>>> print(open('query-v5.pdb').read())   # PDB, C-alpha atoms and all ligand atoms
ATOM      1  CA  MET A1018    -145.203 -11.759  17.617  1.00  0.00           C
ATOM      2  CA  LYS A1019    -145.402 -13.068  14.076  1.00  0.00           C
ATOM      3  CA  ILE A1020    -148.790 -13.134  12.378  1.00  0.00           C
ATOM      4  CA  PHE A1021    -149.645 -15.896   9.928  1.00  0.00           C
ATOM      5  CA  ILE A1022    -152.836 -15.926   7.902  1.00  0.00           C
ATOM      6  CA  ASP A1023    -155.014 -19.014   8.342  1.00  0.00           C
ATOM      7  CA  THR A1024    -156.515 -19.484   4.889  1.00  0.00           C
ATOM      8  CA  ALA A1025    -155.950 -21.064   1.490  1.00  0.00           C
ATOM      9  CA  ASN A1026    -157.765 -18.256  -0.327  1.00  0.00           C
ATOM     10  CA  ILE A1027    -155.471 -16.490  -2.818  1.00  0.00           C
ATOM     11  CA  LYS A1028    -157.392 -13.200  -2.724  1.00  0.00           C
ATOM     12  CA  GLU A1029    -157.206 -13.043   1.085  1.00  0.00           C
ATOM     13  CA  ILE A1030    -153.508 -13.939   1.092  1.00  0.00           C
ATOM     14  CA  LYS A1031    -152.719 -11.281  -1.546  1.00  0.00           C
ATOM     15  CA  GLU A1032    -154.611  -8.663   0.428  1.00  0.00           C
ATOM     16  CA  ALA A1033    -152.919  -9.628   3.697  1.00  0.00           C
ATOM     17  CA  VAL A1034    -149.469  -9.679   2.090  1.00  0.00           C
ATOM     18  CA  ALA A1035    -150.134  -6.204   0.651  1.00  0.00           C
ATOM     19  CA  LEU A1036    -150.763  -5.002   4.221  1.00  0.00           C
ATOM     20  CA  GLY A1037    -147.136  -5.850   4.929  1.00  0.00           C
ATOM     21  CA  LEU A1038    -147.905  -7.532   8.240  1.00  0.00           C
ATOM     22  CA  ILE A1039    -148.055 -11.198   7.311  1.00  0.00           C
ATOM     23  CA  ASP A1040    -145.181 -13.558   8.151  1.00  0.00           C
ATOM     24  CA  GLY A1041    -146.623 -16.876   6.989  1.00  0.00           C
ATOM     25  CA  VAL A1042    -149.648 -18.907   5.866  1.00  0.00           C
ATOM     26  CA  THR A1043    -151.289 -21.948   7.402  1.00  0.00           C
ATOM     27  CA  THR A1044    -153.639 -24.213   5.470  1.00  0.00           C
ATOM     28  CA  ASN A1045    -155.420 -27.432   6.287  1.00  0.00           C
ATOM     29  CA  PRO A1046    -157.558 -29.832   4.213  1.00  0.00           C
ATOM     30  CA  THR A1047    -160.774 -28.031   5.265  1.00  0.00           C
ATOM     31  CA  LEU A1048    -159.436 -24.653   4.099  1.00  0.00           C
ATOM     32  CA  ILE A1049    -158.092 -26.116   0.828  1.00  0.00           C
ATOM     33  CA  ALA A1050    -161.412 -27.871   0.121  1.00  0.00           C
ATOM     34  CA  LYS A1051    -163.158 -24.469   0.056  1.00  0.00           C
ATOM     35  CA  GLU A1052    -161.044 -23.266  -2.885  1.00  0.00           C
ATOM     36  CA  ASN A1053    -162.120 -25.771  -5.539  1.00  0.00           C
ATOM     37  CA  MET A1054    -158.583 -26.149  -6.919  1.00  0.00           C
ATOM     38  CA  VAL A1055    -156.097 -29.029  -7.164  1.00  0.00           C
ATOM     39  CA  ALA A1056    -154.254 -28.871  -3.826  1.00  0.00           C
ATOM     40  CA  GLU A1057    -150.721 -28.963  -5.273  1.00  0.00           C
ATOM     41  CA  GLU A1058    -151.485 -26.192  -7.784  1.00  0.00           C
ATOM     42  CA  LEU A1059    -153.065 -24.027  -5.102  1.00  0.00           C
ATOM     43  CA  LEU A1060    -150.133 -24.539  -2.713  1.00  0.00           C
ATOM     44  CA  ARG A1061    -147.615 -23.723  -5.437  1.00  0.00           C
ATOM     45  CA  GLU A1062    -149.512 -20.523  -6.193  1.00  0.00           C
ATOM     46  CA  ILE A1063    -149.637 -19.551  -2.496  1.00  0.00           C
ATOM     47  CA  CYS A1064    -145.908 -20.224  -2.073  1.00  0.00           C
ATOM     48  CA  ALA A1065    -145.108 -17.987  -5.032  1.00  0.00           C
ATOM     49  CA  LEU A1066    -146.888 -15.027  -3.420  1.00  0.00           C
ATOM     50  CA  PHE A1067    -144.247 -14.466  -0.762  1.00  0.00           C
ATOM     51  CA  SER A1068    -141.244 -16.148   0.833  1.00  0.00           C
ATOM     52  CA  GLY A1069    -142.586 -16.847   4.349  1.00  0.00           C
ATOM     53  CA  PRO A1070    -143.460 -20.348   5.596  1.00  0.00           C
ATOM     54  CA  VAL A1071    -146.593 -21.971   4.115  1.00  0.00           C
ATOM     55  CA  SER A1072    -147.969 -24.930   6.070  1.00  0.00           C
ATOM     56  CA  ALA A1073    -149.466 -27.806   4.061  1.00  0.00           C
ATOM     57  CA  GLU A1074    -150.978 -30.803   5.841  1.00  0.00           C
ATOM     58  CA  VAL A1075    -150.465 -34.516   5.171  1.00  0.00           C
ATOM     59  CA  VAL A1076    -153.485 -36.798   5.156  1.00  0.00           C
ATOM     60  CA  SER A1077    -151.742 -40.174   5.578  1.00  0.00           C
ATOM     61  CA  LEU A1078    -152.070 -41.941   8.910  1.00  0.00           C
ATOM     62  CA  GLU A1079    -148.891 -44.045   9.008  1.00  0.00           C
ATOM     63  CA  ALA A1080    -145.412 -42.643   9.552  1.00  0.00           C
ATOM     64  CA  GLU A1081    -143.869 -44.036   6.347  1.00  0.00           C
ATOM     65  CA  ALA A1082    -146.727 -42.726   4.206  1.00  0.00           C
ATOM     66  CA  MET A1083    -146.646 -39.354   6.024  1.00  0.00           C
ATOM     67  CA  ILE A1084    -142.921 -39.065   5.280  1.00  0.00           C
ATOM     68  CA  ARG A1085    -143.424 -39.853   1.567  1.00  0.00           C
ATOM     69  CA  GLU A1086    -146.277 -37.342   1.378  1.00  0.00           C
ATOM     70  CA  ALA A1087    -144.187 -34.732   3.213  1.00  0.00           C
ATOM     71  CA  GLU A1088    -141.251 -35.232   0.835  1.00  0.00           C
ATOM     72  CA  LYS A1089    -143.581 -34.795  -2.152  1.00  0.00           C
ATOM     73  CA  LEU A1090    -145.200 -31.658  -0.686  1.00  0.00           C
ATOM     74  CA  SER A1091    -141.858 -30.137   0.244  1.00  0.00           C
ATOM     75  CA  ARG A1092    -140.729 -30.424  -3.398  1.00  0.00           C
ATOM     76  CA  LEU A1093    -143.535 -27.992  -4.379  1.00  0.00           C
ATOM     77  CA  ALA A1094    -141.647 -24.969  -3.015  1.00  0.00           C
ATOM     78  CA  LYS A1095    -138.785 -24.021  -0.701  1.00  0.00           C
ATOM     79  CA  ASN A1096    -141.103 -22.344   1.827  1.00  0.00           C
ATOM     80  CA  ILE A1097    -143.398 -25.322   2.414  1.00  0.00           C
ATOM     81  CA  VAL A1098    -143.679 -26.489   6.045  1.00  0.00           C
ATOM     82  CA  ILE A1099    -145.288 -29.881   6.614  1.00  0.00           C
ATOM     83  CA  LYS A1100    -148.245 -30.091   8.958  1.00  0.00           C
ATOM     84  CA  ILE A1101    -148.368 -33.399  10.782  1.00  0.00           C
ATOM     85  CA  PRO A1102    -151.202 -34.419  13.144  1.00  0.00           C
ATOM     86  CA  LEU A1103    -150.268 -35.041  16.759  1.00  0.00           C
ATOM     87  CA  VAL A1104    -150.690 -38.840  16.788  1.00  0.00           C
ATOM     88  CA  LYS A1105    -148.143 -41.576  17.527  1.00  0.00           C
ATOM     89  CA  GLU A1106    -147.306 -42.158  13.852  1.00  0.00           C
ATOM     90  CA  GLY A1107    -147.096 -38.409  13.372  1.00  0.00           C
ATOM     91  CA  LEU A1108    -144.414 -38.053  16.055  1.00  0.00           C
ATOM     92  CA  LYS A1109    -142.341 -40.775  14.351  1.00  0.00           C
ATOM     93  CA  ALA A1110    -142.675 -38.924  11.057  1.00  0.00           C
ATOM     94  CA  VAL A1111    -141.662 -35.612  12.680  1.00  0.00           C
ATOM     95  CA  ARG A1112    -138.493 -37.170  14.080  1.00  0.00           C
ATOM     96  CA  ALA A1113    -137.555 -38.602  10.654  1.00  0.00           C
ATOM     97  CA  LEU A1114    -138.399 -35.387   8.786  1.00  0.00           C
ATOM     98  CA  SER A1115    -136.423 -33.245  11.203  1.00  0.00           C
ATOM     99  CA  THR A1116    -133.316 -35.333  10.543  1.00  0.00           C
ATOM    100  CA  GLU A1117    -133.961 -34.911   6.781  1.00  0.00           C
ATOM    101  CA  GLY A1118    -134.135 -31.125   7.292  1.00  0.00           C
ATOM    102  CA  ILE A1119    -137.831 -30.890   6.343  1.00  0.00           C
ATOM    103  CA  ARG A1120    -139.616 -28.359   8.542  1.00  0.00           C
ATOM    104  CA  THR A1121    -142.717 -29.512  10.423  1.00  0.00           C
ATOM    105  CA  ASN A1122    -145.727 -27.891  12.072  1.00  0.00           C
ATOM    106  CA  VAL A1123    -147.350 -30.349  14.463  1.00  0.00           C
ATOM    107  CA  THR A1124    -151.069 -29.730  14.377  1.00  0.00           C
ATOM    108  CA  LEU A1125    -154.199 -30.680  16.327  1.00  0.00           C
ATOM    109  CA  CYS A1126    -152.446 -30.162  19.665  1.00  0.00           C
ATOM    110  CA  PHE A1127    -154.785 -30.056  22.658  1.00  0.00           C
ATOM    111  CA  SER A1128    -152.534 -30.795  25.656  1.00  0.00           C
ATOM    112  CA  VAL A1129    -149.201 -29.890  27.235  1.00  0.00           C
ATOM    113  CA  SER A1130    -148.054 -33.520  27.128  1.00  0.00           C
ATOM    114  CA  GLN A1131    -148.614 -33.578  23.354  1.00  0.00           C
ATOM    115  CA  ALA A1132    -146.700 -30.307  22.956  1.00  0.00           C
ATOM    116  CA  LEU A1133    -143.793 -31.627  25.030  1.00  0.00           C
ATOM    117  CA  LEU A1134    -143.499 -34.747  22.864  1.00  0.00           C
ATOM    118  CA  ALA A1135    -143.725 -32.758  19.629  1.00  0.00           C
ATOM    119  CA  ALA A1136    -140.829 -30.571  20.777  1.00  0.00           C
ATOM    120  CA  LYS A1137    -138.792 -33.636  21.766  1.00  0.00           C
ATOM    121  CA  ALA A1138    -139.482 -35.133  18.326  1.00  0.00           C
ATOM    122  CA  GLY A1139    -137.928 -32.050  16.738  1.00  0.00           C
ATOM    123  CA  ALA A1140    -140.990 -30.114  15.541  1.00  0.00           C
ATOM    124  CA  ASP A1141    -140.246 -26.632  14.224  1.00  0.00           C
ATOM    125  CA  TYR A1142    -143.742 -25.430  15.136  1.00  0.00           C
ATOM    126  CA  ILE A1143    -146.540 -26.617  17.433  1.00  0.00           C
ATOM    127  CA  SER A1144    -150.150 -25.613  16.739  1.00  0.00           C
ATOM    128  CA  PRO A1145    -152.409 -25.715  19.816  1.00  0.00           C
ATOM    129  CA  PHE A1146    -156.052 -25.103  18.771  1.00  0.00           C
ATOM    130  CA  VAL A1147    -157.403 -22.563  21.257  1.00  0.00           C
ATOM    131  CA  GLY A1148    -160.806 -21.950  19.633  1.00  0.00           C
ATOM    132  CA  ARG A1149    -161.739 -25.625  19.581  1.00  0.00           C
ATOM    133  CA  ILE A1150    -160.853 -25.854  23.291  1.00  0.00           C
ATOM    134  CA  ASP A1151    -163.033 -22.807  24.050  1.00  0.00           C
ATOM    135  CA  ASP A1152    -165.799 -24.553  22.056  1.00  0.00           C
ATOM    136  CA  ILE A1153    -165.939 -27.320  24.677  1.00  0.00           C
ATOM    137  CA  SER A1154    -165.994 -24.852  27.600  1.00  0.00           C
ATOM    138  CA  TYR A1155    -162.322 -24.964  28.584  1.00  0.00           C
ATOM    139  CA  GLU A1156    -159.930 -22.012  28.486  1.00  0.00           C
ATOM    140  CA  GLY A1157    -157.904 -22.443  25.281  1.00  0.00           C
ATOM    141  CA  MET A1158    -155.377 -19.751  26.160  1.00  0.00           C
ATOM    142  CA  ASP A1159    -154.420 -21.589  29.398  1.00  0.00           C
ATOM    143  CA  LEU A1160    -152.878 -24.256  27.194  1.00  0.00           C
ATOM    144  CA  ILE A1161    -150.685 -21.638  25.494  1.00  0.00           C
ATOM    145  CA  ARG A1162    -149.457 -20.346  28.887  1.00  0.00           C
ATOM    146  CA  GLN A1163    -148.574 -23.872  30.014  1.00  0.00           C
ATOM    147  CA  ILE A1164    -146.799 -24.852  26.793  1.00  0.00           C
ATOM    148  CA  LYS A1165    -144.856 -21.583  26.872  1.00  0.00           C
ATOM    149  CA  GLN A1166    -143.687 -22.373  30.422  1.00  0.00           C
ATOM    150  CA  VAL A1167    -142.608 -25.934  29.587  1.00  0.00           C
ATOM    151  CA  TYR A1168    -140.791 -24.877  26.405  1.00  0.00           C
ATOM    152  CA  SER A1169    -138.903 -22.143  28.240  1.00  0.00           C
ATOM    153  CA  ASN A1170    -138.033 -24.502  31.147  1.00  0.00           C
ATOM    154  CA  TYR A1171    -136.042 -26.609  28.686  1.00  0.00           C
ATOM    155  CA  ASP A1172    -135.213 -23.991  26.067  1.00  0.00           C
ATOM    156  CA  PHE A1173    -137.016 -25.914  23.306  1.00  0.00           C
ATOM    157  CA  LYS A1174    -136.705 -24.168  19.946  1.00  0.00           C
ATOM    158  CA  THR A1175    -140.170 -25.285  18.757  1.00  0.00           C
ATOM    159  CA  GLN A1176    -142.229 -22.178  18.005  1.00  0.00           C
ATOM    160  CA  ILE A1177    -145.757 -21.914  19.380  1.00  0.00           C
ATOM    161  CA  ILE A1178    -148.401 -21.073  16.761  1.00  0.00           C
ATOM    162  CA  VAL A1179    -151.670 -20.090  18.436  1.00  0.00           C
ATOM    163  CA  ALA A1180    -154.188 -21.717  16.070  1.00  0.00           C
ATOM    164  CA  SER A1181    -157.950 -21.987  15.774  1.00  0.00           C
ATOM    165  CA  VAL A1182    -158.106 -18.263  16.476  1.00  0.00           C
ATOM    166  CA  ARG A1183    -161.686 -16.987  16.479  1.00  0.00           C
ATOM    167  CA  ASN A1184    -161.503 -13.370  17.664  1.00  0.00           C
ATOM    168  CA  PRO A1185    -159.127 -10.421  18.307  1.00  0.00           C
ATOM    169  CA  LEU A1186    -158.851 -11.244  22.023  1.00  0.00           C
ATOM    170  CA  HIS A1187    -157.194 -14.563  21.182  1.00  0.00           C
ATOM    171  CA  VAL A1188    -154.500 -12.586  19.325  1.00  0.00           C
ATOM    172  CA  VAL A1189    -154.059 -10.006  22.085  1.00  0.00           C
ATOM    173  CA  GLU A1190    -153.812 -12.730  24.735  1.00  0.00           C
ATOM    174  CA  ALA A1191    -151.328 -14.670  22.569  1.00  0.00           C
ATOM    175  CA  ALA A1192    -149.113 -11.574  22.434  1.00  0.00           C
ATOM    176  CA  ARG A1193    -149.447 -10.973  26.196  1.00  0.00           C
ATOM    177  CA  ILE A1194    -148.338 -14.551  26.877  1.00  0.00           C
ATOM    178  CA  GLY A1195    -145.455 -14.196  24.435  1.00  0.00           C
ATOM    179  CA  ALA A1196    -146.498 -16.852  21.907  1.00  0.00           C
ATOM    180  CA  ASP A1197    -144.189 -16.854  18.889  1.00  0.00           C
ATOM    181  CA  ILE A1198    -146.965 -16.728  16.294  1.00  0.00           C
ATOM    182  CA  ALA A1199    -150.740 -16.423  15.966  1.00  0.00           C
ATOM    183  CA  THR A1200    -152.335 -17.783  12.809  1.00  0.00           C
ATOM    184  CA  VAL A1201    -155.342 -15.626  12.139  1.00  0.00           C
ATOM    185  CA  PRO A1202    -158.298 -15.869   9.716  1.00  0.00           C
ATOM    186  CA  PHE A1203    -158.634 -12.907   7.332  1.00  0.00           C
ATOM    187  CA  ALA A1204    -161.836 -11.644   9.016  1.00  0.00           C
ATOM    188  CA  VAL A1205    -160.062 -11.491  12.394  1.00  0.00           C
ATOM    189  CA  ILE A1206    -157.119  -9.587  10.861  1.00  0.00           C
ATOM    190  CA  GLU A1207    -159.670  -6.963   9.767  1.00  0.00           C
ATOM    191  CA  GLN A1208    -161.217  -6.939  13.257  1.00  0.00           C
ATOM    192  CA  LEU A1209    -157.756  -6.349  14.743  1.00  0.00           C
ATOM    193  CA  ILE A1210    -157.442  -3.128  12.747  1.00  0.00           C
ATOM    194  CA  LYS A1211    -160.929  -1.733  13.299  1.00  0.00           C
ATOM    195  CA  HIS A1212    -161.981   0.502  16.169  1.00  0.00           C
ATOM    196  CA  PRO A1213    -165.242   2.503  16.127  1.00  0.00           C
ATOM    197  CA  LEU A1214    -163.597   5.437  17.928  1.00  0.00           C
ATOM    198  CA  THR A1215    -160.896   5.591  15.236  1.00  0.00           C
ATOM    199  CA  ASP A1216    -163.550   5.704  12.481  1.00  0.00           C
ATOM    200  CA  LEU A1217    -165.528   8.315  14.404  1.00  0.00           C
ATOM    201  CA  GLY A1218    -162.373  10.350  15.011  1.00  0.00           C
ATOM    202  CA  VAL A1219    -161.383  10.279  11.318  1.00  0.00           C
ATOM    203  CA  ALA A1220    -164.914  11.380  10.283  1.00  0.00           C
ATOM    204  CA  ARG A1221    -164.918  14.214  12.834  1.00  0.00           C
ATOM    205  CA  PHE A1222    -161.461  15.476  11.806  1.00  0.00           C
ATOM    206  CA  LEU A1223    -162.553  15.474   8.147  1.00  0.00           C
ATOM    207  CA  GLU A1224    -165.721  17.428   9.019  1.00  0.00           C
ATOM    208  CA  ASP A1225    -163.701  19.981  11.011  1.00  0.00           C
ATOM    209  CA  TYR A1226    -161.076  20.232   8.266  1.00  0.00           C
ATOM    210  CA  LYS A1227    -163.825  21.513   5.929  1.00  0.00           C
ATOM    211  CA  LYS A1228    -164.401  24.430   8.349  1.00  0.00           C
ATOM    212  CA  ILE A1229    -160.768  25.637   8.123  1.00  0.00           C
ATOM    213  CA  PRO A1230    -160.504  28.693   5.819  1.00  0.00           C
ATOM    214  CA  LYS A1231    -158.593  27.807   2.651  1.00  0.00           C
ATOM    215  CA  LYS A1232    -156.339  30.196   0.675  1.00  0.00           C
TER     216      LYS A1232
HETATM  217  C1  LIG A1301    -154.370 -23.867  11.715  1.00  0.00           C
HETATM  218  O1  LIG A1301    -153.254 -24.320  11.720  1.00  0.00           O
HETATM  219  C2  LIG A1301    -155.560 -24.683  12.016  1.00  0.00           C
HETATM  220  O2  LIG A1301    -155.726 -25.680  11.068  1.00  0.00           O
HETATM  221  C3  LIG A1301    -156.781 -23.807  12.099  1.00  0.00           C
HETATM  222  O3  LIG A1301    -156.436 -22.648  12.847  1.00  0.00           O
HETATM  223  C4  LIG A1301    -157.979 -24.507  12.688  1.00  0.00           C
HETATM  224  O4  LIG A1301    -158.985 -23.572  12.915  1.00  0.00           O
HETATM  225  P1  LIG A1301    -160.499 -23.995  13.224  1.00  0.00           P
HETATM  226  O5  LIG A1301    -160.548 -24.646  14.547  1.00  0.00           O
HETATM  227  O6  LIG A1301    -161.255 -22.698  13.201  1.00  0.00           O
HETATM  228  O7  LIG A1301    -160.903 -24.938  12.119  1.00  0.00           O
END
>>> encode(input="query-v5.pdb", output="structure tokens")
Amino acid sequence: MKIFIDTANIKEIKEAVALGLIDGVTTNPTLIAKENMVAEELLREICALFSGPVSAEVVSLEAEAMIREAEKLSRLAKNIVIKIPLVKEGLKAVRALSTEGIRTNVTLCFSVSQALLAAKAGADYISPFVGRIDDISYEGMDLIRQIKQVYSNYDFKTQIIVASVRNPLHVVEAARIGADIATVPFAVIEQLIKHPLTDLGVARFLEDYKKIPKK
């Protein structure tokens, strides 16, 4: 499973890239707003950090305007992928952009029917938001299972990005289901690495190492 980092923070992206485990970056207007930088400059800087896909979201609401915005964003760097919200106008834009060869990540997906239509429109990626579904007392990961089944029934090439990830279990479950990608906040990447028994084991081995006679 590929792991993307879900942030627009340069320091976090640099640190994650240095780990050697990051395959892409996803941003959204909320994440970009936290960085206090002009969006285009920030995105250009992120795209220069590595060659994997970097998702940047449009804010227009009509297909024509979304397409113009997407074309402008995609000129920022070769690795930009355009995030388009899963609304009627968005699906029209995805269809047009896919024929232009501009890659799209259809975002704010909360149902199988939406995911099916995004794939039919030619989306490269679909982003179902599992955490926000959990937040309203439904099982977010069930949606991933169902989308996975529908996509494999018809051999759709659209890749499933498990988004709105809130904890390590979301990532583990995504991998068990066979999702293509999980986009993970930096704090959760750190949680994925940590285990108290590992830390305890390292400390104990170091203590015991001191007891070994040295030459
Ligand atoms: C990523 O593509 C999404 O924008 C992001 O995962 C949303 O996460 P949130 O629900 O924690 O805001």
>>> atom_distance(input="query-v5.pdb", atom1="CA of Lys1095 (chain A)", atom2="CA of Asn1045 (chain A)")
18.4 Å
>>> atom_distance(input="query-v5.pdb", atom1="CA of Val1076 (chain A)", atom2="CA of Ala1191 (chain A)")
28.2 Å
>>> closest_atom_pairs(input="query-v5.pdb", of="chain A", to="ligand LIG 1301 (chain A)", cutoff="7 Å", atoms="all atoms listed in the file", output="JSON lines")
{"residue": "A:Asp1023", "atom": "CA", "partner": "A:LIG1301", "partner_atom": "C1", "distance": 5.9}
{"residue": "A:Thr1043", "atom": "CA", "partner": "A:LIG1301", "partner_atom": "O1", "distance": 5.3}
{"residue": "A:Thr1044", "atom": "CA", "partner": "A:LIG1301", "partner_atom": "O2", "distance": 6.2}
{"residue": "A:Asn1045", "atom": "CA", "partner": "A:LIG1301", "partner_atom": "O2", "distance": 5.1}
{"residue": "A:Thr1124", "atom": "CA", "partner": "A:LIG1301", "partner_atom": "O1", "distance": 6.4}
{"residue": "A:Ser1144", "atom": "CA", "partner": "A:LIG1301", "partner_atom": "O1", "distance": 6.0}
{"residue": "A:Phe1146", "atom": "CA", "partner": "A:LIG1301", "partner_atom": "O5", "distance": 6.2}
{"residue": "A:Gly1148", "atom": "CA", "partner": "A:LIG1301", "partner_atom": "O5", "distance": 5.8}
{"residue": "A:Arg1149", "atom": "CA", "partner": "A:LIG1301", "partner_atom": "O5", "distance": 5.3}
{"residue": "A:Ala1180", "atom": "CA", "partner": "A:LIG1301", "partner_atom": "O3", "distance": 4.0}
{"residue": "A:Ser1181", "atom": "CA", "partner": "A:LIG1301", "partner_atom": "O3", "distance": 3.4}
{"residue": "A:Val1182", "atom": "CA", "partner": "A:LIG1301", "partner_atom": "O3", "distance": 5.9}
{"residue": "A:Arg1183", "atom": "CA", "partner": "A:LIG1301", "partner_atom": "O6", "distance": 6.6}
{"residue": "A:Thr1200", "atom": "CA", "partner": "A:LIG1301", "partner_atom": "O3", "distance": 6.4}
>>> resolve_selection(input="query-v5.pdb", expression="the PyMOL selection byres (((chain A and resi 1094) around 10) and not hetatm)", output="tab-separated table (two decimals) with C-alpha atoms, in the coordinates of the input")
chain	number	residue	atom	x	y	z
A	1060	LEU	CA	-150.13	-24.54	-2.71
A	1061	ARG	CA	-147.62	-23.72	-5.44
A	1062	GLU	CA	-149.51	-20.52	-6.19
A	1063	ILE	CA	-149.64	-19.55	-2.50
A	1064	CYS	CA	-145.91	-20.22	-2.07
A	1065	ALA	CA	-145.11	-17.99	-5.03
A	1068	SER	CA	-141.24	-16.15	0.83
A	1070	PRO	CA	-143.46	-20.35	5.60
A	1071	VAL	CA	-146.59	-21.97	4.12
A	1090	LEU	CA	-145.20	-31.66	-0.69
A	1091	SER	CA	-141.86	-30.14	0.24
A	1092	ARG	CA	-140.73	-30.42	-3.40
A	1093	LEU	CA	-143.54	-27.99	-4.38
A	1095	LYS	CA	-138.78	-24.02	-0.70
A	1096	ASN	CA	-141.10	-22.34	1.83
A	1097	ILE	CA	-143.40	-25.32	2.41
A	1098	VAL	CA	-143.68	-26.49	6.04
>>> closest_residue(input="query-v5.pdb", among="A:Leu1048, A:Leu1038, A:Ile1153, A:Leu1108", to="Ala1132 (chain A)", atoms="only C-alpha atoms")
A:Leu1108
>>> resolve_selection(input="query-v5.pdb", expression="the PyMOL selection byres (((chain A and resi 1134) around 12) and not hetatm)", output="PyMOL selection string")
chain A and resi 1103-1105+1107-1109+1111-1112+1123+1126+1128-1133+1135-1140+1143+1164+1167-1168+1173+1175
>>> write_last_selection(input="query-v5.pdb", atoms="C-alpha atoms", output="PDB file, in the frame of the given file")
ATOM      1  CA  LEU A1103    -150.268 -35.041  16.759  1.00  0.00           C
ATOM      2  CA  VAL A1104    -150.690 -38.840  16.788  1.00  0.00           C
ATOM      3  CA  LYS A1105    -148.143 -41.576  17.527  1.00  0.00           C
ATOM      4  CA  GLY A1107    -147.096 -38.409  13.372  1.00  0.00           C
ATOM      5  CA  LEU A1108    -144.414 -38.053  16.055  1.00  0.00           C
ATOM      6  CA  LYS A1109    -142.341 -40.775  14.351  1.00  0.00           C
ATOM      7  CA  VAL A1111    -141.662 -35.612  12.680  1.00  0.00           C
ATOM      8  CA  ARG A1112    -138.493 -37.170  14.080  1.00  0.00           C
ATOM      9  CA  VAL A1123    -147.350 -30.349  14.463  1.00  0.00           C
ATOM     10  CA  CYS A1126    -152.446 -30.162  19.665  1.00  0.00           C
ATOM     11  CA  SER A1128    -152.534 -30.795  25.656  1.00  0.00           C
ATOM     12  CA  VAL A1129    -149.201 -29.890  27.235  1.00  0.00           C
ATOM     13  CA  SER A1130    -148.054 -33.520  27.128  1.00  0.00           C
ATOM     14  CA  GLN A1131    -148.614 -33.578  23.354  1.00  0.00           C
ATOM     15  CA  ALA A1132    -146.700 -30.307  22.956  1.00  0.00           C
ATOM     16  CA  LEU A1133    -143.793 -31.627  25.030  1.00  0.00           C
ATOM     17  CA  ALA A1135    -143.725 -32.758  19.629  1.00  0.00           C
ATOM     18  CA  ALA A1136    -140.829 -30.571  20.777  1.00  0.00           C
ATOM     19  CA  LYS A1137    -138.792 -33.636  21.766  1.00  0.00           C
ATOM     20  CA  ALA A1138    -139.482 -35.133  18.326  1.00  0.00           C
ATOM     21  CA  GLY A1139    -137.928 -32.050  16.738  1.00  0.00           C
ATOM     22  CA  ALA A1140    -140.990 -30.114  15.541  1.00  0.00           C
ATOM     23  CA  ILE A1143    -146.540 -26.617  17.433  1.00  0.00           C
ATOM     24  CA  ILE A1164    -146.799 -24.852  26.793  1.00  0.00           C
ATOM     25  CA  VAL A1167    -142.608 -25.934  29.587  1.00  0.00           C
ATOM     26  CA  TYR A1168    -140.791 -24.877  26.405  1.00  0.00           C
ATOM     27  CA  PHE A1173    -137.016 -25.914  23.306  1.00  0.00           C
ATOM     28  CA  THR A1175    -140.170 -25.285  18.757  1.00  0.00           C
TER      29      THR A1175
END
